[in-house]
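Student: Quick one, entry-v6.txt (compact mmCIF, C-alpha atoms):
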# COMPACT_ATOMS: atom_id res chain seq x y z
CA MET W 947 18.39 -18.67 8.20
CA GLU W 948 20.69 -19.82 5.45
CA LEU W 949 22.19 -17.01 3.41
CA ASP W 950 24.00 -16.95 0.09
CA PRO W 951 27.16 -14.85 0.38
CA LYS W 952 27.17 -14.28 -3.39
CA THR W 953 23.84 -12.47 -3.44
CA ASP W 954 22.95 -11.50 0.13
CA LEU W 955 23.99 -8.72 2.50
CA LYS W 956 23.50 -8.85 6.24
CA LEU W 957 23.74 -6.32 9.03
CA GLU W 958 23.40 -7.43 12.65
CA ARG W 959 23.20 -5.06 15.59
CA ILE W 960 22.00 -4.85 19.17
CA VAL W 961 19.44 -2.09 19.60
CA LYS W 962 18.94 -0.70 23.09
CA ALA W 963 15.17 -0.64 22.91
CA PRO W 964 12.52 -3.30 23.51
CA ARG W 965 11.48 -5.48 20.64
CA ALA W 966 7.81 -4.45 20.71
CA LEU W 967 8.85 -0.84 20.25
CA VAL W 968 11.29 -1.60 17.43
CA TRP W 969 8.51 -3.50 15.67
CA GLU W 970 6.09 -0.62 16.15
CA CYS W 971 8.60 1.84 14.72
CA TRP W 972 9.12 -0.32 11.64
CA THR W 973 5.43 -0.80 10.90
CA THR W 974 3.88 2.61 11.60
CA PRO W 975 4.04 5.32 8.90
CA GLU W 976 4.37 8.15 11.41
CA HIS W 977 7.35 6.43 13.08
CA ILE W 978 8.98 5.42 9.79
CA LYS W 979 9.38 9.09 8.90
CA HIS W 980 11.68 9.60 11.87
CA PHE W 981 14.42 7.11 11.08
CA PHE W 982 14.00 5.23 7.82
CA VAL W 983 16.54 7.07 5.65
CA PRO W 984 19.89 8.53 6.69
CA ARG W 985 19.55 12.23 7.51
CA PRO W 986 19.53 14.79 5.93
CA HIS W 987 17.44 12.71 3.48
CA ARG W 988 13.82 12.56 4.55
CA VAL W 989 10.81 10.29 4.27
CA THR W 990 8.02 12.57 3.06
CA GLU W 991 5.28 9.93 2.60
CA CYS W 992 4.68 6.43 3.86
CA ASP W 993 1.73 4.17 3.15
CA ILE W 994 1.53 0.79 4.88
CA ASP W 995 -1.03 -2.01 4.66
CA LEU W 996 0.53 -4.45 7.11
CA ARG W 997 -0.45 -7.86 5.76
CA VAL W 998 0.89 -10.42 3.33
CA GLY W 999 0.67 -8.79 -0.11
CA GLY W 1000 -0.15 -5.40 1.40
CA ARG W 1001 1.55 -2.26 0.18
CA PHE W 1002 4.68 -0.72 1.65
CA ASN W 1003 5.13 2.52 -0.28
CA THR W 1004 7.41 5.39 0.63
CA VAL W 1005 8.56 8.65 -0.87
CA PHE W 1006 12.01 10.00 -0.01
CA ASP W 1007 13.38 13.49 -0.42
CA VAL W 1008 17.01 13.05 -1.45
CA GLU W 1009 18.66 16.43 -1.83
CA GLY W 1010 15.47 17.95 -3.18
CA ASN W 1011 14.73 15.05 -5.54
CA GLU W 1012 11.66 12.95 -4.99
CA MET W 1013 12.31 9.22 -4.92
CA ARG W 1014 9.22 6.98 -5.00
CA ASN W 1015 9.43 3.40 -3.73
CA GLU W 1016 6.63 0.89 -4.15
CA GLY W 1017 6.57 -2.57 -2.73
CA VAL W 1018 4.70 -5.14 -0.69
CA PHE W 1019 5.08 -7.18 2.43
CA LEU W 1020 5.77 -10.85 1.79
CA GLU W 1021 5.68 -12.07 5.38
CA VAL W 1022 4.53 -10.47 8.62
CA VAL W 1023 5.22 -12.25 11.91
CA PRO W 1024 4.41 -9.66 14.59
CA GLN W 1025 7.49 -8.52 16.55
CA GLN W 1026 9.67 -11.20 14.96
CA LYS W 1027 9.94 -11.07 11.21
CA LEU W 1028 9.10 -8.62 8.45
CA VAL W 1029 9.82 -9.39 4.81
CA PHE W 1030 9.24 -6.83 2.08
CA THR W 1031 10.29 -6.23 -1.49
CA ASP W 1032 10.03 -4.09 -4.60
CA THR W 1033 9.48 -7.30 -6.60
CA TYR W 1034 5.72 -6.71 -6.53
CA THR W 1035 3.29 -3.88 -6.19
CA GLU W 1036 -0.09 -4.42 -4.56
CA GLY W 1037 -2.15 -7.24 -6.05
CA TRP W 1038 0.95 -9.34 -6.81
CA LYS W 1039 1.81 -7.34 -9.91
CA PRO W 1040 5.43 -8.24 -10.74
CA THR W 1041 7.80 -5.35 -11.36
CA GLU W 1042 10.08 -5.54 -14.36
CA ASN W 1043 13.41 -5.03 -12.62
CA PRO W 1044 13.14 -5.74 -8.90
CA PHE W 1045 16.17 -4.78 -6.87
CA MET W 1046 15.95 -6.57 -3.56
CA THR W 1047 14.03 -8.45 -0.92
CA ALA W 1048 14.60 -7.36 2.68
CA ILE W 1049 14.18 -9.50 5.76
CA LEU W 1050 14.12 -7.93 9.21
CA LEU W 1051 14.51 -10.31 12.14
CA LEU W 1052 14.03 -9.19 15.73
CA ASP W 1053 15.07 -11.22 18.79
CA GLU W 1054 14.36 -10.27 22.36
CA MET W 1055 17.47 -10.01 24.55
CA ALA W 1056 17.54 -10.67 28.29
CA ASP W 1057 18.20 -7.01 29.16
CA GLY W 1058 15.32 -5.40 27.25
CA ALA W 1059 17.43 -4.85 24.17
CA THR W 1060 16.78 -6.30 20.73
CA ARG W 1061 18.99 -8.25 18.36
CA TYR W 1062 18.31 -6.61 15.02
CA THR W 1063 19.19 -8.52 11.87
CA ALA W 1064 18.60 -6.90 8.49
CA ILE W 1065 19.16 -8.99 5.38
CA ALA W 1066 18.99 -7.84 1.78
CA ARG W 1067 18.69 -10.62 -0.78
CA HIS W 1068 19.35 -9.94 -4.47
CA ARG W 1069 18.75 -11.76 -7.74
CA THR W 1070 22.35 -11.60 -8.87
CA PRO W 1071 25.88 -11.07 -7.47
CA ASP W 1072 26.01 -7.82 -9.50
CA SER W 1073 22.95 -6.42 -7.71
CA ARG W 1074 24.46 -7.37 -4.38
CA LYS W 1075 27.68 -5.55 -5.29
CA THR W 1076 25.78 -2.49 -6.51
CA HIS W 1077 23.93 -2.38 -3.21
CA GLU W 1078 27.15 -2.74 -1.21
CA ASP W 1079 28.79 0.01 -3.31
CA MET W 1080 25.75 2.26 -2.77
CA GLY W 1081 26.64 2.09 0.91
CA PHE W 1082 24.50 -0.71 2.30
CA PHE W 1083 26.48 -1.11 5.52
CA SER W 1084 26.88 2.55 6.45
CA GLY W 1085 23.37 3.46 5.24
CA TRP W 1086 21.52 0.67 6.98
CA GLY W 1087 23.77 1.16 10.00
CA THR W 1088 22.83 4.83 10.22
CA VAL W 1089 19.17 3.84 10.02
CA VAL W 1090 19.66 1.58 13.05
CA ASP W 1091 21.34 4.43 14.97
CA GLN W 1092 18.44 6.74 14.11
CA LEU W 1093 15.91 4.06 15.00
CA GLU W 1094 17.53 3.44 18.38
CA GLU W 1095 17.62 7.13 19.20
CA TYR W 1096 14.01 7.62 18.13
CA ALA W 1097 12.69 4.48 19.88
CA ARG W 1098 14.41 5.49 23.11
CA SER W 1099 12.84 8.92 22.90
CA LEU W 1100 9.42 7.23 22.67
CA ALA W 1101 10.17 4.87 25.59
CA ARG W 1102 11.02 7.64 28.01
CA MET U 183 -9.04 -8.01 -9.10
CA GLU U 184 -7.58 -5.47 -11.49
CA LEU U 185 -5.49 -6.99 -14.25
CA ASP U 186 -3.03 -5.48 -16.70
CA PRO U 187 -3.82 -6.70 -20.22
CA LYS U 188 -0.24 -5.95 -21.32
CA THR U 189 1.35 -8.41 -18.90
CA ASP U 190 -1.38 -10.71 -17.58
CA LEU U 191 -3.20 -13.77 -18.91
CA LYS U 192 -6.48 -15.04 -17.53
CA LEU U 193 -8.49 -18.22 -17.94
CA GLU U 194 -11.94 -18.52 -16.40
CA ARG U 195 -13.96 -21.73 -16.30
CA ILE U 196 -16.78 -23.40 -14.44
CA VAL U 197 -15.65 -26.70 -12.92
CA LYS U 198 -18.34 -29.24 -12.10
CA ALA U 199 -16.91 -30.18 -8.73
CA PRO U 200 -17.26 -28.62 -5.28
CA ARG U 201 -14.82 -25.92 -4.30
CA ALA U 202 -13.44 -27.79 -1.27
CA LEU U 203 -12.45 -30.65 -3.53
CA VAL U 204 -10.88 -28.41 -6.18
CA TRP U 205 -8.83 -26.78 -3.43
CA GLU U 206 -7.77 -30.15 -2.05
CA CYS U 207 -6.67 -31.29 -5.51
CA TRP U 208 -4.57 -28.15 -5.99
CA THR U 209 -2.80 -28.39 -2.65
CA THR U 210 -2.10 -32.11 -2.20
CA PRO U 211 0.97 -33.63 -3.91
CA GLU U 212 -0.72 -36.96 -4.56
CA HIS U 213 -3.63 -35.23 -6.30
CA ILE U 214 -1.43 -32.79 -8.24
CA LYS U 215 0.16 -35.73 -10.03
CA HIS U 216 -3.18 -36.63 -11.60
CA PHE U 217 -3.97 -33.42 -13.46
CA PHE U 218 -1.31 -30.70 -13.21
CA VAL U 219 0.29 -31.01 -16.67
CA PRO U 220 -1.40 -31.87 -19.96
CA ARG U 221 -1.10 -35.58 -20.71
CA PRO U 222 0.97 -37.38 -21.92
CA HIS U 223 3.37 -35.20 -19.90
CA ARG U 224 3.54 -36.34 -16.28
CA VAL U 225 4.22 -34.91 -12.83
CA THR U 226 6.81 -37.27 -11.34
CA GLU U 227 7.47 -35.40 -8.08
CA CYS U 228 5.63 -32.78 -6.05
CA ASP U 229 6.70 -31.22 -2.76
CA ILE U 230 4.36 -28.78 -1.04
CA ASP U 231 4.69 -26.78 2.16
CA LEU U 232 1.35 -25.01 2.14
CA ARG U 233 2.05 -21.70 3.87
CA VAL U 234 3.21 -18.22 2.91
CA GLY U 235 6.82 -18.60 1.76
CA GLY U 236 6.56 -22.38 1.74
CA ARG U 237 7.89 -24.41 -1.17
CA PHE U 238 5.91 -25.54 -4.19
CA ASN U 239 8.31 -27.72 -6.13
CA THR U 240 7.44 -30.07 -8.95
CA VAL U 241 9.23 -32.25 -11.46
CA PHE U 242 7.65 -32.91 -14.85
CA ASP U 243 8.45 -35.60 -17.36
CA VAL U 244 8.09 -33.97 -20.78
CA GLU U 245 8.72 -36.51 -23.52
CA GLY U 246 11.39 -38.23 -21.44
CA ASN U 247 13.05 -34.97 -20.34
CA GLU U 248 13.05 -34.02 -16.69
CA MET U 249 11.83 -30.49 -16.03
CA ARG U 250 12.35 -29.20 -12.48
CA ASN U 251 10.27 -26.29 -11.16
CA GLU U 252 10.95 -24.56 -7.88
CA GLY U 253 8.81 -21.93 -6.32
CA VAL U 254 6.94 -20.72 -3.28
CA PHE U 255 3.44 -19.82 -2.21
CA LEU U 256 2.88 -16.09 -1.76
CA GLU U 257 -0.65 -16.22 -0.41
CA VAL U 258 -2.83 -19.05 0.86
CA VAL U 259 -6.50 -18.36 1.61
CA PRO U 260 -8.04 -21.82 2.11
CA GLN U 261 -10.54 -22.76 -0.61
CA GLN U 262 -10.48 -19.25 -2.07
CA LYS U 263 -7.12 -18.05 -3.27
CA LEU U 264 -3.72 -19.54 -3.96
CA VAL U 265 -0.82 -17.43 -5.22
CA PHE U 266 2.50 -18.99 -6.20
CA THR U 267 5.55 -18.06 -8.21
CA ASP U 268 9.00 -19.06 -9.41
CA THR U 269 10.21 -15.60 -8.31
CA TYR U 270 11.52 -17.09 -5.07
CA THR U 271 12.72 -20.38 -3.70
CA GLU U 272 12.20 -21.28 -0.06
CA GLY U 273 13.55 -18.71 2.42
CA TRP U 274 12.70 -15.79 0.10
CA LYS U 275 15.73 -16.34 -2.08
CA PRO U 276 15.09 -14.35 -5.27
CA THR U 277 15.59 -16.18 -8.55
CA GLU U 278 17.53 -14.44 -11.28
CA ASN U 279 14.97 -14.64 -14.07
CA PRO U 280 11.51 -15.33 -12.71
CA PHE U 281 8.89 -16.13 -15.32
CA MET U 282 5.51 -15.67 -13.72
CA THR U 283 3.25 -15.33 -10.72
CA ALA U 284 0.06 -17.40 -10.77
CA ILE U 285 -3.15 -16.58 -8.94
CA LEU U 286 -5.89 -19.18 -8.59
CA LEU U 287 -9.29 -17.91 -7.46
CA LEU U 288 -12.12 -20.27 -6.54
CA ASP U 289 -15.75 -19.21 -6.07
CA GLU U 290 -18.53 -21.45 -4.91
CA MET U 291 -21.49 -21.67 -7.30
CA ALA U 292 -25.08 -22.32 -6.26
CA ASP U 293 -25.18 -25.76 -7.88
CA GLY U 294 -22.11 -27.30 -6.25
CA ALA U 295 -19.84 -26.22 -9.08
CA THR U 296 -16.86 -23.90 -8.83
CA ARG U 297 -15.90 -20.80 -10.75
CA TYR U 298 -12.21 -21.32 -11.47
CA THR U 299 -10.12 -18.30 -12.39
CA ALA U 300 -6.44 -18.76 -13.19
CA ILE U 301 -4.30 -15.69 -13.73
CA ALA U 302 -0.67 -15.56 -14.80
CA ARG U 303 1.08 -12.25 -14.21
CA HIS U 304 4.38 -11.47 -15.91
CA ARG U 305 7.12 -8.88 -15.53
CA THR U 306 7.00 -7.74 -19.14
CA PRO U 307 4.72 -7.82 -22.20
CA ASP U 308 7.32 -10.06 -23.87
CA SER U 309 7.03 -12.68 -21.13
CA ARG U 310 3.28 -12.57 -21.41
CA LYS U 311 3.50 -13.11 -25.16
CA THR U 312 5.99 -15.96 -24.75
CA HIS U 313 3.61 -17.62 -22.33
CA GLU U 314 0.65 -17.18 -24.67
CA ASP U 315 2.69 -18.56 -27.58
CA MET U 316 3.74 -21.54 -25.44
CA GLY U 317 0.07 -22.39 -25.33
CA PHE U 318 -1.19 -20.85 -22.10
CA PHE U 319 -4.87 -21.10 -23.02
CA SER U 320 -4.93 -24.63 -24.38
CA GLY U 321 -2.45 -25.91 -21.77
CA TRP U 322 -4.13 -24.42 -18.72
CA GLY U 323 -7.52 -25.31 -20.24
CA THR U 324 -6.49 -28.96 -20.57
CA VAL U 325 -5.35 -28.90 -16.96
CA VAL U 326 -8.84 -27.75 -15.90
CA ASP U 327 -10.43 -30.58 -17.95
CA GLN U 328 -8.13 -33.09 -16.29
CA LEU U 329 -8.78 -31.60 -12.86
CA GLU U 330 -12.53 -31.77 -13.32
CA GLU U 331 -12.40 -35.38 -14.46
CA TYR U 332 -10.13 -36.34 -11.58
CA ALA U 333 -12.06 -34.41 -8.91
CA ARG U 334 -15.34 -36.00 -10.04
CA SER U 335 -13.78 -39.45 -9.81
CA LEU U 336 -12.87 -38.68 -6.18
CA ALA U 337 -16.34 -37.32 -5.37
CA ARG U 338 -18.14 -40.45 -6.52
Output the file's structure as structure tokens, nothing else.
Tutor:
Amino acid sequence: MELDPKTDLKLERIVKAPRALVWECWTTPEHIKHFFVPRPHRVTECDIDLRVGGRFNTVFDVEGNEMRNEGVFLEVVPQQKLVFTDTYTEGWKPTENPFMTAILLLDEMADGATRYTAIARHRTPDSRKTHEDMGFFSGWGTVVDQLEEYARSLAR
Amino acid sequence: MELDPKTDLKLERIVKAPRALVWECWTTPEHIKHFFVPRPHRVTECDIDLRVGGRFNTVFDVEGNEMRNEGVFLEVVPQQKLVFTDTYTEGWKPTENPFMTAILLLDEMADGATRYTAIARHRTPDSRKTHEDMGFFSGWGTVVDQLEEYARSLAR
């Protein structure tokens, strides 16, 4: 897909786990808790209604502070594409200051691995820069490492 | 659905035309041109890709000035529910200052008429007020009158 370098961030990786399993990890609350934020931060709650407009809510523990995230899924193409955002809460209620829209693309590789593309789109170049400065690449990269490790533990 | 009176506007009407026809009018570019803005303003272009994330772009002629609107559909439930917004352009690219998210709900009535509910959700109370002051109720009401007249001319 066509990106805008001024407002978008992209991370592409090969994950050594089958696509069906990567998808399952990304869309199941119990799995999400095992990889979704860089350790030692933790996901303490996760509530998913996996459909267009359905909720994707999480609570993180970040050094003892509770961080609540509310959002919805915009597009759900099983095993291939997941789009979600904090731009809305359930029922298409717009949020005042949305931060980003995330697009996860999964491609099946010949050897049972998965090409994993994570894109964060922002409203402005400033938001993109803020996200990059917050550690987008190392943070989202760590999440992929954790996901790979966890998915492989499930596949055994 | 649950609305927020601080940020949402709602118009409810009974349209004397069958629901299938009202839906067709709302989702077909050639039909849109006949009712979608209060006359004497005109819709000069309309481009629709009727699917989640698909484009809903229009151009209006407002007293000789060209007004371009770009947006996407968020939810498409044939004959029942249409959600669209200027919050994104095609490909889930966020816009910097989105104005509103519109929800159209259609219910079939016993007598071949349609209950027509149009909701505009906004990010802030100020945006809601701006929209009301711009003439939401009379403007969207006129659009329903024009739609009803046009749909009935097709049904004859």
Student: Taking only C-alpha atoms into account, which residues of chain W are within 7 Å of chain U, as JSON, numbers by chain?
Tutor: {"W": [1020, 1039, 1040, 1041, 1042, 1067, 1068, 1069, 1070]}
Student: Excluding same-chain residues fewer than 5 positions from W:Phe1002, what lies within 10 Å of it counting only C-alpha atoms, as a VMD selection string?
Tutor: chain W and resid 973 975 992 to 997 1015 to 1019 1030 to 1032 1035 to 1036
Student: So, with all atoms listed in the file as the atoms that count, which of U:Asp308, U:Asp315, U:Asp243, U:Asp293 lies closest to U:Phe218?
Tutor: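 The answer is U:Asp243, which sits nearest to U:Phe218.
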Student: If you count all atoms listed in the file, which residues fall within 12 Å of W:Ala1101, apart from same-chain ones fewer than 2 positions away, as number ranges by chain?
Tutor: W: 962-968, 970-971, 1058, 1094-1099
Student: Would you put the residues from that selection into a file with C-alpha atoms, as a PDB file, in the coordinates of the input?
Tutor:
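Written output follows (part.pdb):
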ATOM      1  CA  LYS W 962      18.940  -0.700  23.090  1.00  0.00           C
ATOM      2  CA  ALA W 963      15.170  -0.640  22.910  1.00  0.00           C
ATOM      3  CA  PRO W 964      12.520  -3.300  23.510  1.00  0.00           C
ATOM      4  CA  ARG W 965      11.480  -5.480  20.640  1.00  0.00           C
ATOM      5  CA  ALA W 966       7.810  -4.450  20.710  1.00  0.00           C
ATOM      6  CA  LEU W 967       8.850  -0.840  20.250  1.00  0.00           C
ATOM      7  CA  VAL W 968      11.290  -1.600  17.430  1.00  0.00           C
ATOM      8  CA  GLU W 970       6.090  -0.620  16.150  1.00  0.00           C
ATOM      9  CA  CYS W 971       8.600   1.840  14.720  1.00  0.00           C
ATOM     10  CA  GLY W1058      15.320  -5.400  27.250  1.00  0.00           C
ATOM     11  CA  GLU W1094      17.530   3.440  18.380  1.00  0.00           C
ATOM     12  CA  GLU W1095      17.620   7.130  19.200  1.00  0.00           C
ATOM     13  CA  TYR W1096      14.010   7.620  18.130  1.00  0.00           C
ATOM     14  CA  ALA W1097      12.690   4.480  19.880  1.00  0.00           C
ATOM     15  CA  ARG W1098      14.410   5.490  23.110  1.00  0.00           C
ATOM     16  CA  SER W1099      12.840   8.920  22.900  1.00  0.00           C
TER      17      SER W1099
END
Student: What's the separation between atom CA of W:His977 and atom CA of W:Val989, in Å to one decimal place?
Tutor: 10.2 Å
Student: Kindly give the distance, in Å, that separates atom CA of U:Arg221 and atom CA of U:His313, rounded to a single decimal.
Tutor: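 Here the two named atoms are 18.6 Å from each other.
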Student: From the coordinates supplied, stretch 314-337 of chain U should be written with N, CA, C and O atoms, as a short mmCIF file (atom, residue, chain, number, x, y, z; two decimals), in the first residue's frame.
Tutor:
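Contents of out_23.cif, freshly written:
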data_model
loop_
_atom_site.label_atom_id
_atom_site.label_comp_id
_atom_site.auth_asym_id
_atom_site.auth_seq_id
_atom_site.Cartn_x
_atom_site.Cartn_y
_atom_site.Cartn_z
N GLU U 314 -24.43 22.59 13.99
CA GLU U 314 -25.82 23.01 14.19
C GLU U 314 -26.02 24.43 13.66
O GLU U 314 -27.00 24.71 12.95
N ASP U 315 -25.04 25.31 13.94
CA ASP U 315 -25.15 26.70 13.47
C ASP U 315 -25.07 26.81 11.95
O ASP U 315 -25.61 27.74 11.35
N MET U 316 -24.37 25.87 11.32
CA MET U 316 -24.28 25.84 9.86
C MET U 316 -25.62 25.44 9.23
O MET U 316 -25.79 25.49 8.02
N GLY U 317 -26.52 24.99 10.09
CA GLY U 317 -27.84 24.63 9.58
C GLY U 317 -28.05 23.13 9.41
O GLY U 317 -28.72 22.70 8.48
N PHE U 318 -27.49 22.36 10.33
CA PHE U 318 -27.65 20.90 10.24
C PHE U 318 -29.11 20.49 10.02
O PHE U 318 -29.44 19.78 9.09
N PHE U 319 -30.01 20.99 10.89
CA PHE U 319 -31.38 20.47 10.86
C PHE U 319 -32.13 20.87 9.59
O PHE U 319 -32.76 20.03 8.95
N SER U 320 -32.00 22.14 9.18
CA SER U 320 -32.72 22.51 7.97
C SER U 320 -32.03 21.91 6.74
O SER U 320 -32.70 21.43 5.82
N GLY U 321 -30.70 21.88 6.74
CA GLY U 321 -29.98 21.34 5.58
C GLY U 321 -30.24 19.86 5.39
O GLY U 321 -30.64 19.42 4.30
N TRP U 322 -30.03 19.08 6.44
CA TRP U 322 -30.24 17.63 6.31
C TRP U 322 -31.73 17.32 6.11
O TRP U 322 -32.09 16.35 5.48
N GLY U 323 -32.60 18.18 6.67
CA GLY U 323 -34.04 18.00 6.46
C GLY U 323 -34.41 18.22 5.00
O GLY U 323 -35.18 17.45 4.41
N THR U 324 -33.84 19.26 4.39
CA THR U 324 -34.10 19.53 2.97
C THR U 324 -33.62 18.36 2.12
O THR U 324 -34.27 17.97 1.14
N VAL U 325 -32.48 17.80 2.49
CA VAL U 325 -31.95 16.65 1.75
C VAL U 325 -32.94 15.47 1.80
O VAL U 325 -33.16 14.81 0.79
N VAL U 326 -33.56 15.27 2.95
CA VAL U 326 -34.56 14.19 3.04
C VAL U 326 -35.76 14.49 2.14
O VAL U 326 -36.26 13.62 1.44
N ASP U 327 -36.22 15.75 2.15
CA ASP U 327 -37.34 16.13 1.26
C ASP U 327 -36.98 15.82 -0.19
O ASP U 327 -37.78 15.26 -0.94
N GLN U 328 -35.78 16.25 -0.57
CA GLN U 328 -35.35 16.05 -1.96
C GLN U 328 -35.22 14.56 -2.29
O GLN U 328 -35.56 14.11 -3.38
N LEU U 329 -34.70 13.80 -1.33
CA LEU U 329 -34.55 12.36 -1.51
C LEU U 329 -35.92 11.71 -1.70
O LEU U 329 -36.10 10.87 -2.61
N GLU U 330 -36.86 12.08 -0.87
CA GLU U 330 -38.19 11.48 -0.94
C GLU U 330 -38.82 11.76 -2.31
O GLU U 330 -39.33 10.86 -2.98
N GLU U 331 -38.74 12.99 -2.72
CA GLU U 331 -39.31 13.40 -4.01
C GLU U 331 -38.65 12.61 -5.15
O GLU U 331 -39.32 12.07 -6.04
N TYR U 332 -37.33 12.52 -5.09
CA TYR U 332 -36.59 11.83 -6.15
C TYR U 332 -36.88 10.32 -6.14
O TYR U 332 -37.14 9.72 -7.18
N ALA U 333 -36.85 9.73 -4.95
CA ALA U 333 -37.09 8.28 -4.85
C ALA U 333 -38.49 7.94 -5.36
O ALA U 333 -38.68 6.94 -6.08
N ARG U 334 -39.48 8.76 -5.03
CA ARG U 334 -40.85 8.50 -5.48
C ARG U 334 -40.97 8.65 -7.00
O ARG U 334 -41.73 7.93 -7.65
N SER U 335 -40.17 9.52 -7.58
CA SER U 335 -40.20 9.66 -9.04
C SER U 335 -39.62 8.41 -9.71
O SER U 335 -40.04 8.01 -10.79
N LEU U 336 -38.67 7.77 -9.03
CA LEU U 336 -38.08 6.52 -9.57
C LEU U 336 -39.05 5.35 -9.41
O LEU U 336 -39.08 4.44 -10.24
N ALA U 337 -39.83 5.37 -8.34
CA ALA U 337 -40.69 4.24 -8.01
C ALA U 337 -41.94 4.18 -8.88
O ALA U 337 -42.57 3.15 -9.01
#
